[in-house]
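Okay, so here's the structure we're looking at.
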Amino acid sequence: MRPWLRTVALLALTVVLVAVFLRNADLHQVWTVMRTADVRLVAVGVACVMASYALRAVRWQVMLSPLGHPRFGVALRATIIGFAASFILPARAGEVLRPWLLARREGLDPSAVFATIVIERMLDLVTVLTLLATFLLAFDPGFSAIDPAVFRAVRVGGLGAAVGAVVGLGVLFLFASRPALLARAVAIATAWLPARMSVTITAMATAFAQGLAVVRRPSQLARALAWSLVLWILIAFQTWVVSAAVGVAMPWSGSLLMVALLVVGVAVPTPGAVGGFHEAYRIGATSFFGADNDRAVGAAIVLHAVGFLPTLLAGAVLMAQEGLTVSRLGEAAQAAKGEEAQR
């Protein structure tokens, strides 16, 4: 799809999702909910957001350790810039820009560093679904207003997704422990391409397999999983405390379910997750926790702002220090994609 057409499609999707999100909202009541939010709890939520980036940087260092010893400051700066870029650039460009920035600073192979982002996403998914499964199995949800059949469907779906994520991690382990197998599979899959292109893609896959090295080192993988657990418990706490700030009555354990719903909402590829994030929160708050629609809408807006605005502000400061304007950020993302395609 052409870039301009993709941009138009994403903007149209954003407008549709925002319209769905606000369709039954009384905007005056929504504003009252937002205006009367407990500022102290909101500030705690902002602190959690910034702490989460530090945890992400530490976890990334663990995953990068088989490739080298990147500095914490470099990993943190690249992480914040990458997330900020994903908020303002299409197609999750920050996911490519982040490893590119770190690889250039630390002299590492960009393809191998990019592979750690794939592992990171898999660890995130495994952790979120594991926490969801823990909630579904170990906690009393207290959903008095929910049809038991609906909750059973949620339980089966959540547990099935958790099993699927673990299987996916196992596939990564297979390719990481047998890079030659990955190279052969890629060579077979690209045999119909021109020889030069096939060789190039196979070389990229080999470098990618090197970045999966942490998966075949049980102690380092365990450390990365442990940091993932700490990270997502913090994110769940952030969700709970900001929800409490605007009066959404949610047990702390319920935030494990809400985080899983928000991950689904964020997966919708709109700029800054606008629309998808908001509607996922609104559905969760009204369907599972009995919040009225206007309060859920206001809470969704505040929670998104808590995650979005501090990241964008910190990212803007770091981008300015790096000499990156918005246009240069886009050019850097394209350069990162270009270098990755040429390897």
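Residue names in the structure tokens use chain letters A, B, ... in the order shown, residue numbers from 1 in each chain, and ligand numbers from 1 in the order shown.
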
Show me, as a Markdown table, the residues of segment 15-66 of chain A having an atom within 7 Å of segment 256-279 of chain A, each with the closest atom pair and its distance in Å, using only C-alpha atoms.
```
| residue | atom | partner | partner_atom | distance |
| --- | --- | --- | --- | --- |
| A:Leu17 | CA | A:Gly275 | CA | 4.7 |
| A:Val18 | CA | A:Gly275 | CA | 4.8 |
| A:Phe21 | CA | A:Glu279 | CA | 5.2 |
```

* To do: For Ser86 of chain A, please output as a list in words all residues within 10 Å (counting only C-alpha atoms; exclusion window: fewer than 4 positions along the same chain).
  =>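 In the requested format, the answer is Ile80, Ile81, Gly82, Pro90, Ala91, Arg92, Ala93, Gly94, Glu95, Val96, Leu97, Arg98, Pro269, Thr270, Pro271, Gly272, Ala273 and Leu312 of chain A.
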
Write the residues of the selection above to a file with all heavy atoms, as a short mmCIF file (atom, residue, chain, number, x, y, z; two decimals), in the first residue's frame.
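Final output, selection39.cif:
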```
data_model
loop_
_atom_site.label_atom_id
_atom_site.label_comp_id
_atom_site.auth_asym_id
_atom_site.auth_seq_id
_atom_site.Cartn_x
_atom_site.Cartn_y
_atom_site.Cartn_z
N ILE A 80 12.93 5.48 25.03
CA ILE A 80 11.97 6.60 25.11
C ILE A 80 11.75 7.22 23.74
O ILE A 80 10.60 7.50 23.35
CB ILE A 80 12.46 7.64 26.13
CG1 ILE A 80 12.48 7.04 27.53
CG2 ILE A 80 11.56 8.88 26.10
CD1 ILE A 80 13.05 7.96 28.58
N ILE A 81 12.82 7.43 22.98
CA ILE A 81 12.67 8.01 21.65
C ILE A 81 11.85 7.08 20.76
O ILE A 81 10.97 7.52 20.01
CB ILE A 81 14.05 8.28 21.01
CG1 ILE A 81 14.75 9.44 21.74
CG2 ILE A 81 13.91 8.61 19.53
CD1 ILE A 81 16.17 9.70 21.27
N GLY A 82 12.11 5.78 20.86
CA GLY A 82 11.37 4.82 20.04
C GLY A 82 9.88 4.83 20.34
O GLY A 82 9.05 4.84 19.43
N PRO A 90 3.66 6.79 11.57
CA PRO A 90 2.82 5.64 11.21
C PRO A 90 3.59 4.33 11.26
O PRO A 90 4.82 4.30 11.30
CB PRO A 90 2.38 5.97 9.78
CG PRO A 90 3.48 6.82 9.24
CD PRO A 90 3.98 7.63 10.41
N ALA A 91 2.82 3.24 11.25
CA ALA A 91 3.36 1.89 11.10
C ALA A 91 4.34 1.50 12.20
O ALA A 91 5.29 0.74 11.96
CB ALA A 91 4.02 1.73 9.73
N ARG A 92 4.12 2.01 13.42
CA ARG A 92 4.99 1.64 14.55
C ARG A 92 6.46 1.83 14.19
O ARG A 92 7.32 0.99 14.47
CB ARG A 92 4.75 0.18 14.94
CG ARG A 92 3.36 -0.16 15.41
CD ARG A 92 3.10 0.39 16.81
NE ARG A 92 1.92 -0.22 17.41
CZ ARG A 92 0.69 0.24 17.30
NH1 ARG A 92 0.46 1.35 16.60
NH2 ARG A 92 -0.32 -0.35 17.89
N ALA A 93 6.78 2.98 13.58
CA ALA A 93 8.14 3.22 13.11
C ALA A 93 9.16 3.19 14.25
O ALA A 93 10.33 2.86 14.03
CB ALA A 93 8.20 4.57 12.40
N GLY A 94 8.73 3.51 15.45
CA GLY A 94 9.65 3.51 16.57
C GLY A 94 10.23 2.14 16.87
O GLY A 94 11.33 2.03 17.43
N GLU A 95 9.53 1.07 16.49
CA GLU A 95 10.02 -0.28 16.73
C GLU A 95 11.24 -0.58 15.87
O GLU A 95 12.05 -1.45 16.23
CB GLU A 95 8.92 -1.30 16.43
CG GLU A 95 7.72 -1.19 17.34
CD GLU A 95 8.05 -1.55 18.78
OE1 GLU A 95 8.47 -0.63 19.53
OE2 GLU A 95 7.91 -2.72 19.15
N VAL A 96 11.37 0.09 14.74
CA VAL A 96 12.56 -0.05 13.89
C VAL A 96 13.61 0.97 14.28
O VAL A 96 14.81 0.68 14.30
CB VAL A 96 12.18 0.11 12.40
CG1 VAL A 96 13.42 0.03 11.52
CG2 VAL A 96 11.16 -0.95 11.99
N LEU A 97 13.15 2.17 14.63
CA LEU A 97 14.07 3.26 14.96
C LEU A 97 14.85 2.97 16.25
O LEU A 97 16.04 3.27 16.35
CB LEU A 97 13.28 4.56 15.12
CG LEU A 97 14.08 5.83 15.40
CD1 LEU A 97 15.03 6.13 14.26
CD2 LEU A 97 13.15 7.01 15.65
N ARG A 98 14.19 2.38 17.22
CA ARG A 98 14.83 2.12 18.52
C ARG A 98 16.06 1.23 18.39
O ARG A 98 17.14 1.61 18.88
CB ARG A 98 13.79 1.52 19.47
CG ARG A 98 14.32 1.16 20.83
CD ARG A 98 13.21 1.17 21.85
NE ARG A 98 12.22 0.15 21.62
CZ ARG A 98 12.10 -0.96 22.36
NH1 ARG A 98 12.95 -1.18 23.34
NH2 ARG A 98 11.14 -1.82 22.14
N PRO A 269 -3.50 -0.34 14.79
CA PRO A 269 -2.39 0.54 14.38
C PRO A 269 -2.78 1.99 14.09
O PRO A 269 -2.49 2.53 13.02
CB PRO A 269 -1.89 -0.15 13.11
CG PRO A 269 -3.11 -0.76 12.51
CD PRO A 269 -3.94 -1.22 13.69
N THR A 270 -3.42 2.64 15.05
CA THR A 270 -3.73 4.06 14.89
C THR A 270 -2.62 4.89 15.53
O THR A 270 -1.91 4.40 16.41
CB THR A 270 -5.07 4.40 15.56
OG1 THR A 270 -5.02 3.99 16.93
CG2 THR A 270 -6.23 3.69 14.87
N PRO A 271 -2.44 6.14 15.09
CA PRO A 271 -1.40 6.99 15.69
C PRO A 271 -1.60 7.14 17.20
O PRO A 271 -2.68 7.53 17.65
CB PRO A 271 -1.57 8.33 14.97
CG PRO A 271 -2.24 7.99 13.67
CD PRO A 271 -3.14 6.82 13.99
N GLY A 272 -0.57 6.82 17.98
CA GLY A 272 -0.66 6.95 19.42
C GLY A 272 -1.68 6.04 20.07
O GLY A 272 -2.09 6.26 21.22
N ALA A 273 -2.11 4.99 19.34
CA ALA A 273 -3.13 4.05 19.83
C ALA A 273 -4.45 4.76 20.14
O ALA A 273 -5.26 4.25 20.93
CB ALA A 273 -2.63 3.29 21.06
N LEU A 312 5.82 11.61 25.31
CA LEU A 312 6.05 12.52 24.19
C LEU A 312 6.95 13.68 24.60
O LEU A 312 7.85 14.09 23.85
CB LEU A 312 4.71 13.04 23.67
CG LEU A 312 4.69 13.59 22.24
CD1 LEU A 312 5.14 12.53 21.26
CD2 LEU A 312 3.31 14.09 21.89
#
```

* Asked: Skipping near chain neighbours, those fewer than 6 positions away, what residues fall within 12 Å of Ser228 of chain A using only C-alpha atoms, listed as a PyMOL selection string?
  -> chain A and resi 52-60+62-63+119-131+221-222+234-235

With C-alpha atoms retained, export the selected residues as a PDB file, in the first residue's frame.
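Final file, again.pdb:
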```pdb
ATOM      1  CA  SER A  52       8.455   1.523  33.276  1.00  0.00           C
ATOM      2  CA  TYR A  53      10.870   2.873  30.661  1.00  0.00           C
ATOM      3  CA  ALA A  54      13.780   2.347  33.044  1.00  0.00           C
ATOM      4  CA  LEU A  55      12.623  -1.254  33.534  1.00  0.00           C
ATOM      5  CA  ARG A  56      12.330  -1.712  29.773  1.00  0.00           C
ATOM      6  CA  ALA A  57      15.888  -0.440  29.333  1.00  0.00           C
ATOM      7  CA  VAL A  58      17.245  -2.822  31.986  1.00  0.00           C
ATOM      8  CA  ARG A  59      15.405  -5.756  30.400  1.00  0.00           C
ATOM      9  CA  TRP A  60      16.725  -4.772  26.986  1.00  0.00           C
ATOM     10  CA  VAL A  62      19.729  -8.354  29.523  1.00  0.00           C
ATOM     11  CA  MET A  63      18.468  -9.402  26.086  1.00  0.00           C
ATOM     12  CA  ILE A 119      11.820 -11.304  21.704  1.00  0.00           C
ATOM     13  CA  GLU A 120      10.717  -8.329  23.790  1.00  0.00           C
ATOM     14  CA  ARG A 121       7.285  -8.340  22.199  1.00  0.00           C
ATOM     15  CA  MET A 122       6.978 -12.089  22.720  1.00  0.00           C
ATOM     16  CA  LEU A 123       7.995 -11.749  26.383  1.00  0.00           C
ATOM     17  CA  ASP A 124       5.446  -8.945  26.790  1.00  0.00           C
ATOM     18  CA  LEU A 125       2.725 -11.136  25.319  1.00  0.00           C
ATOM     19  CA  VAL A 126       3.674 -14.169  27.421  1.00  0.00           C
ATOM     20  CA  THR A 127       3.804 -12.056  30.591  1.00  0.00           C
ATOM     21  CA  VAL A 128       0.500 -10.255  29.999  1.00  0.00           C
ATOM     22  CA  LEU A 129      -1.289 -13.502  29.202  1.00  0.00           C
ATOM     23  CA  THR A 130       0.291 -15.255  32.164  1.00  0.00           C
ATOM     24  CA  LEU A 131      -0.922 -12.487  34.472  1.00  0.00           C
ATOM     25  CA  LEU A 221      15.981 -15.689  29.533  1.00  0.00           C
ATOM     26  CA  ALA A 222      14.823 -16.192  33.124  1.00  0.00           C
ATOM     27  CA  LEU A 234       3.967  -1.944  37.467  1.00  0.00           C
ATOM     28  CA  ILE A 235       1.884  -1.184  34.359  1.00  0.00           C
TER      29      ILE A 235
END
```

* Just give me the gap between atom CA of Ala103 of chain A and atom CA of Val167 of chain A in Å, one decimal is fine. => 29.3 Å

* Asked: So what do you get for atom CA of Ala320 of chain A versus atom CA of Leu303 of chain A, distance-wise?
  ->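 The value is 26.3 Å.
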
* To do: Using atom CA of Ala296 of chain A and atom CA of Arg282 of chain A as the two end points, give the distance in Å to one decimal.
  => 5.1 Å

* To do: Determine, counting only C-alpha atoms, which protein, DNA and RNA residues have an atom within 7 Å of an atom of segment 244-250 of chain A; residues of the same chain fewer than 3 positions away are not included. Present the result as a VMD selection string.
  => chain A and resid 33 to 34 37 to 38 41 to 42 240 to 241 254 289 291 299

Output file for the residues above (all heavy atoms, as a PDB file, in the first residue's frame):
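Saved result, again_9.pdb, follows:
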```
ATOM      1  N   VAL A  33     -15.700  14.472  35.134  1.00  0.00           N
ATOM      2  CA  VAL A  33     -14.927  13.325  35.630  1.00  0.00           C
ATOM      3  C   VAL A  33     -13.432  13.606  35.539  1.00  0.00           C
ATOM      4  O   VAL A  33     -12.671  13.385  36.491  1.00  0.00           O
ATOM      5  CB  VAL A  33     -15.283  12.053  34.839  1.00  0.00           C
ATOM      6  CG1 VAL A  33     -14.291  10.927  35.144  1.00  0.00           C
ATOM      7  CG2 VAL A  33     -16.698  11.603  35.148  1.00  0.00           C
ATOM      8  N   MET A  34     -13.005  14.123  34.407  1.00  0.00           N
ATOM      9  CA  MET A  34     -11.580  14.394  34.204  1.00  0.00           C
ATOM     10  C   MET A  34     -11.103  15.524  35.113  1.00  0.00           C
ATOM     11  O   MET A  34     -10.017  15.449  35.695  1.00  0.00           O
ATOM     12  CB  MET A  34     -11.330  14.746  32.735  1.00  0.00           C
ATOM     13  CG  MET A  34     -11.623  13.606  31.767  1.00  0.00           C
ATOM     14  SD  MET A  34     -11.612  14.129  30.031  1.00  0.00           S
ATOM     15  CE  MET A  34      -9.947  14.754  29.872  1.00  0.00           C
ATOM     16  N   ALA A  37     -10.482  14.569  38.832  1.00  0.00           N
ATOM     17  CA  ALA A  37      -9.576  13.446  39.102  1.00  0.00           C
ATOM     18  C   ALA A  37      -8.605  13.815  40.228  1.00  0.00           C
ATOM     19  O   ALA A  37      -8.206  14.974  40.368  1.00  0.00           O
ATOM     20  CB  ALA A  37      -8.799  13.075  37.842  1.00  0.00           C
ATOM     21  N   ASP A  38      -8.232  12.841  41.028  1.00  0.00           N
ATOM     22  CA  ASP A  38      -7.282  13.043  42.120  1.00  0.00           C
ATOM     23  C   ASP A  38      -5.889  13.256  41.529  1.00  0.00           C
ATOM     24  O   ASP A  38      -5.278  12.316  40.999  1.00  0.00           O
ATOM     25  CB  ASP A  38      -7.296  11.821  43.035  1.00  0.00           C
ATOM     26  CG  ASP A  38      -6.482  12.033  44.305  1.00  0.00           C
ATOM     27  OD1 ASP A  38      -5.442  12.707  44.246  1.00  0.00           O
ATOM     28  OD2 ASP A  38      -6.875  11.500  45.358  1.00  0.00           O
ATOM     29  N   LEU A  41      -2.961  10.927  42.709  1.00  0.00           N
ATOM     30  CA  LEU A  41      -2.930   9.584  42.122  1.00  0.00           C
ATOM     31  C   LEU A  41      -2.505   9.641  40.661  1.00  0.00           C
ATOM     32  O   LEU A  41      -1.812   8.738  40.174  1.00  0.00           O
ATOM     33  CB  LEU A  41      -4.296   8.923  42.261  1.00  0.00           C
ATOM     34  CG  LEU A  41      -4.744   8.595  43.690  1.00  0.00           C
ATOM     35  CD1 LEU A  41      -6.109   7.913  43.677  1.00  0.00           C
ATOM     36  CD2 LEU A  41      -3.722   7.707  44.394  1.00  0.00           C
ATOM     37  N   VAL A  42      -2.925  10.674  39.967  1.00  0.00           N
ATOM     38  CA  VAL A  42      -2.474  10.832  38.580  1.00  0.00           C
ATOM     39  C   VAL A  42      -0.960  10.994  38.533  1.00  0.00           C
ATOM     40  O   VAL A  42      -0.275  10.424  37.666  1.00  0.00           O
ATOM     41  CB  VAL A  42      -3.169  12.038  37.918  1.00  0.00           C
ATOM     42  CG1 VAL A  42      -2.549  12.345  36.553  1.00  0.00           C
ATOM     43  CG2 VAL A  42      -4.667  11.763  37.754  1.00  0.00           C
ATOM     44  N   TRP A 240      -4.441   0.674  37.552  1.00  0.00           N
ATOM     45  CA  TRP A 240      -5.334   0.662  38.710  1.00  0.00           C
ATOM     46  C   TRP A 240      -5.359   2.015  39.410  1.00  0.00           C
ATOM     47  O   TRP A 240      -6.426   2.529  39.764  1.00  0.00           O
ATOM     48  CB  TRP A 240      -4.877  -0.427  39.681  1.00  0.00           C
ATOM     49  CG  TRP A 240      -5.632  -0.434  40.965  1.00  0.00           C
ATOM     50  CD1 TRP A 240      -6.907  -0.903  41.166  1.00  0.00           C
ATOM     51  CD2 TRP A 240      -5.183   0.057  42.227  1.00  0.00           C
ATOM     52  NE1 TRP A 240      -7.271  -0.730  42.488  1.00  0.00           N
ATOM     53  CE2 TRP A 240      -6.228  -0.148  43.165  1.00  0.00           C
ATOM     54  CE3 TRP A 240      -3.990   0.632  42.667  1.00  0.00           C
ATOM     55  CZ2 TRP A 240      -6.113   0.215  44.500  1.00  0.00           C
ATOM     56  CZ3 TRP A 240      -3.867   0.995  43.995  1.00  0.00           C
ATOM     57  CH2 TRP A 240      -4.921   0.790  44.896  1.00  0.00           C
ATOM     58  N   VAL A 241      -4.184   2.619  39.618  1.00  0.00           N
ATOM     59  CA  VAL A 241      -4.130   3.855  40.398  1.00  0.00           C
ATOM     60  C   VAL A 241      -4.746   5.021  39.623  1.00  0.00           C
ATOM     61  O   VAL A 241      -5.431   5.875  40.216  1.00  0.00           O
ATOM     62  CB  VAL A 241      -2.670   4.168  40.825  1.00  0.00           C
ATOM     63  CG1 VAL A 241      -1.847   4.750  39.677  1.00  0.00           C
ATOM     64  CG2 VAL A 241      -2.651   5.140  41.998  1.00  0.00           C
ATOM     65  N   GLY A 254      -8.150  -6.908  39.262  1.00  0.00           N
ATOM     66  CA  GLY A 254      -8.878  -6.641  38.023  1.00  0.00           C
ATOM     67  C   GLY A 254      -8.057  -5.888  36.998  1.00  0.00           C
ATOM     68  O   GLY A 254      -8.332  -5.950  35.796  1.00  0.00           O
ATOM     69  N   PHE A 289     -16.483  -3.936  35.292  1.00  0.00           N
ATOM     70  CA  PHE A 289     -16.327  -3.280  36.589  1.00  0.00           C
ATOM     71  C   PHE A 289     -17.472  -2.319  36.920  1.00  0.00           C
ATOM     72  O   PHE A 289     -17.384  -1.551  37.881  1.00  0.00           O
ATOM     73  CB  PHE A 289     -14.979  -2.554  36.642  1.00  0.00           C
ATOM     74  CG  PHE A 289     -13.830  -3.494  36.420  1.00  0.00           C
ATOM     75  CD1 PHE A 289     -13.088  -3.437  35.249  1.00  0.00           C
ATOM     76  CD2 PHE A 289     -13.509  -4.463  37.365  1.00  0.00           C
ATOM     77  CE1 PHE A 289     -12.044  -4.318  35.019  1.00  0.00           C
ATOM     78  CE2 PHE A 289     -12.463  -5.353  37.140  1.00  0.00           C
ATOM     79  CZ  PHE A 289     -11.730  -5.286  35.974  1.00  0.00           C
ATOM     80  N   ALA A 291     -18.632   0.437  35.743  1.00  0.00           N
ATOM     81  CA  ALA A 291     -18.512   1.898  35.642  1.00  0.00           C
ATOM     82  C   ALA A 291     -19.563   2.433  34.676  1.00  0.00           C
ATOM     83  O   ALA A 291     -19.893   1.778  33.684  1.00  0.00           O
ATOM     84  CB  ALA A 291     -17.117   2.279  35.149  1.00  0.00           C
ATOM     85  N   ALA A 299     -12.104   8.284  32.252  1.00  0.00           N
ATOM     86  CA  ALA A 299     -10.959   7.539  32.770  1.00  0.00           C
ATOM     87  C   ALA A 299     -10.043   7.099  31.636  1.00  0.00           C
ATOM     88  O   ALA A 299      -8.810   7.143  31.762  1.00  0.00           O
ATOM     89  CB  ALA A 299     -11.441   6.327  33.563  1.00  0.00           C
TER      90      ALA A 299
END
```

* To do: Enumerate the residues of segment 211-342 of chain A with a DSSP assignment of helix (DSSP H, G or I), computed from the backbone, and present them as a ChimeraX atom specification.
  => /A:211,213-216,218-245,254-266,271-273,276-288,293-322,326-342

Could you write those residues out with C-alpha atoms, as a CSV table (one decimal), in the first residue's frame?
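As written to disk, again.csv reads:
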```csv
chain,number,residue,atom,x,y,z
A,211,GLY,CA,19.9,-11.7,18.2
A,213,ALA,CA,20.8,-15.7,21.5
A,214,VAL,CA,19.3,-14.8,24.9
A,215,VAL,CA,16.5,-17.3,24.2
A,216,ARG,CA,19.0,-20.2,24.2
A,218,PRO,CA,18.2,-20.2,30.2
A,219,SER,CA,19.6,-18.0,33.0
A,220,GLN,CA,19.4,-14.8,30.8
A,221,LEU,CA,16.0,-15.7,29.5
A,222,ALA,CA,14.8,-16.2,33.1
A,223,ARG,CA,16.2,-12.8,34.0
A,224,ALA,CA,14.4,-11.2,31.1
A,225,LEU,CA,11.2,-12.9,32.1
A,226,ALA,CA,11.6,-11.7,35.7
A,227,TRP,CA,12.0,-8.1,34.5
A,228,SER,CA,9.0,-8.5,32.3
A,229,LEU,CA,6.9,-9.6,35.2
A,230,VAL,CA,8.0,-6.6,37.3
A,231,LEU,CA,7.4,-4.3,34.4
A,232,TRP,CA,3.8,-5.5,33.7
A,233,ILE,CA,2.9,-5.6,37.4
A,234,LEU,CA,4.0,-1.9,37.5
A,235,ILE,CA,1.9,-1.2,34.4
A,236,ALA,CA,-1.1,-2.9,36.0
A,237,PHE,CA,-0.6,-0.8,39.1
A,238,GLN,CA,-0.4,2.3,37.0
A,239,THR,CA,-3.7,1.3,35.3
A,240,TRP,CA,-5.3,0.7,38.7
A,241,VAL,CA,-4.1,3.9,40.4
A,242,VAL,CA,-5.2,6.1,37.5
A,243,SER,CA,-8.6,4.4,37.4
A,244,ALA,CA,-8.9,5.0,41.1
A,245,ALA,CA,-8.1,8.7,40.5
A,254,GLY,CA,-8.9,-6.6,38.0
A,255,SER,CA,-6.2,-4.4,36.5
A,256,LEU,CA,-4.5,-7.6,35.2
A,257,LEU,CA,-7.6,-8.2,33.1
A,258,MET,CA,-7.8,-4.5,32.1
A,259,VAL,CA,-4.2,-4.5,30.9
A,260,ALA,CA,-4.8,-7.5,28.7
A,261,LEU,CA,-7.8,-5.7,27.1
A,262,LEU,CA,-5.6,-2.5,26.6
A,263,VAL,CA,-2.9,-4.6,24.9
A,264,VAL,CA,-5.6,-5.6,22.4
A,265,GLY,CA,-6.6,-2.0,22.0
A,266,VAL,CA,-3.1,-0.8,21.5
A,271,PRO,CA,-1.4,7.0,15.7
A,272,GLY,CA,-0.7,6.9,19.4
A,273,ALA,CA,-3.1,4.0,19.8
A,276,GLY,CA,-8.3,1.5,20.1
A,277,PHE,CA,-6.9,2.1,23.5
A,278,HIS,CA,-9.8,4.2,24.6
A,279,GLU,CA,-12.5,1.9,23.4
A,280,ALA,CA,-10.8,-1.1,24.9
A,281,TYR,CA,-10.7,0.6,28.3
A,282,ARG,CA,-14.3,1.8,28.0
A,283,ILE,CA,-15.6,-1.7,27.2
A,284,GLY,CA,-13.6,-3.2,30.1
A,285,ALA,CA,-14.7,-0.6,32.7
A,286,THR,CA,-18.3,-0.7,31.8
A,287,SER,CA,-18.7,-4.5,31.1
A,288,PHE,CA,-16.6,-5.9,33.9
A,293,ASN,CA,-20.2,5.1,30.4
A,294,ASP,CA,-19.2,8.8,31.0
A,295,ARG,CA,-16.9,7.9,33.9
A,296,ALA,CA,-15.3,5.1,31.8
A,297,VAL,CA,-14.8,7.5,28.9
A,298,GLY,CA,-13.2,10.1,31.1
A,299,ALA,CA,-11.0,7.5,32.8
A,300,ALA,CA,-9.8,6.2,29.4
A,301,ILE,CA,-8.8,9.7,28.3
A,302,VAL,CA,-6.9,10.4,31.5
A,303,LEU,CA,-5.2,7.1,31.4
A,304,HIS,CA,-4.1,7.5,27.8
A,305,ALA,CA,-2.8,11.0,28.6
A,306,VAL,CA,-0.8,9.8,31.5
A,307,GLY,CA,1.0,7.3,29.3
A,308,PHE,CA,1.2,9.5,26.2
A,309,LEU,CA,2.0,13.1,27.3
A,310,PRO,CA,5.0,12.4,29.6
A,311,THR,CA,6.5,10.0,27.0
A,312,LEU,CA,6.1,12.5,24.2
A,313,LEU,CA,7.6,15.3,26.3
A,314,ALA,CA,10.6,13.2,27.4
A,315,GLY,CA,11.0,12.0,23.8
A,316,ALA,CA,10.9,15.5,22.4
A,317,VAL,CA,13.7,16.6,24.8
A,318,LEU,CA,15.8,13.6,23.9
A,319,MET,CA,15.2,14.0,20.2
A,320,ALA,CA,16.3,17.7,20.5
A,321,GLN,CA,19.5,16.6,22.2
A,322,GLU,CA,20.0,14.1,19.3
A,326,VAL,CA,9.9,15.3,13.4
A,327,SER,CA,10.9,15.3,9.7
A,328,ARG,CA,14.4,14.0,10.5
A,329,LEU,CA,12.8,11.4,12.8
A,330,GLY,CA,10.8,10.1,9.8
A,331,GLU,CA,13.9,10.1,7.6
A,332,ALA,CA,15.8,8.2,10.3
A,333,ALA,CA,13.0,5.6,10.5
A,334,GLN,CA,13.1,5.2,6.7
A,335,ALA,CA,16.9,4.9,6.8
A,336,ALA,CA,16.6,2.2,9.5
A,337,LYS,CA,14.2,0.3,7.3
A,338,GLY,CA,16.4,0.8,4.3
A,339,GLU,CA,19.5,-0.5,6.1
A,340,GLU,CA,17.6,-3.5,7.4
A,341,ALA,CA,16.3,-4.3,3.9
A,342,GLN,CA,19.9,-4.1,2.5
```

* Got a sec: who's within 8 Å of Ala75 of chain A, counting only C-alpha atoms, leaving out chain neighbours fewer than 3 positions off, as a ChimeraX atom specification? -> /A:57-58,60-61,70-72,78-79,102

Export of the given selection (N, CA, C and O atoms) as a short mmCIF file (atom, residue, chain, number, x, y, z; two decimals), in the first residue's frame:
```
data_model
loop_
_atom_site.label_atom_id
_atom_site.label_comp_id
_atom_site.auth_asym_id
_atom_site.auth_seq_id
_atom_site.Cartn_x
_atom_site.Cartn_y
_atom_site.Cartn_z
N ALA A 57 14.49 -0.58 29.71
CA ALA A 57 15.89 -0.44 29.33
C ALA A 57 16.75 -1.51 30.00
O ALA A 57 17.64 -2.09 29.37
N VAL A 58 16.48 -1.78 31.28
CA VAL A 58 17.25 -2.82 31.99
C VAL A 58 16.99 -4.19 31.34
O VAL A 58 17.92 -4.98 31.12
N TRP A 60 16.10 -4.77 28.31
CA TRP A 60 16.73 -4.77 26.99
C TRP A 60 18.22 -5.04 27.11
O TRP A 60 18.80 -5.76 26.29
N GLN A 61 18.86 -4.49 28.12
CA GLN A 61 20.27 -4.77 28.35
C GLN A 61 20.50 -6.27 28.56
O GLN A 61 21.48 -6.83 28.05
N PRO A 70 25.66 -2.98 26.04
CA PRO A 70 25.17 -1.61 25.83
C PRO A 70 24.98 -0.88 27.15
O PRO A 70 24.62 -1.48 28.17
N ARG A 71 25.23 0.41 27.12
CA ARG A 71 25.09 1.22 28.32
C ARG A 71 23.62 1.48 28.64
O ARG A 71 22.80 1.59 27.73
N PHE A 72 23.32 1.56 29.94
CA PHE A 72 21.94 1.78 30.37
C PHE A 72 21.40 3.09 29.80
O PHE A 72 20.27 3.14 29.31
N ALA A 78 17.20 5.43 23.77
CA ALA A 78 16.65 4.82 22.56
C ALA A 78 15.23 4.32 22.80
O ALA A 78 14.36 4.41 21.92
N THR A 79 14.98 3.78 23.99
CA THR A 79 13.64 3.27 24.32
C THR A 79 12.61 4.39 24.34
O THR A 79 11.54 4.28 23.74
N LEU A 102 20.22 2.44 18.88
CA LEU A 102 21.14 1.78 19.81
C LEU A 102 22.29 1.10 19.07
O LEU A 102 23.44 1.18 19.51
#
```
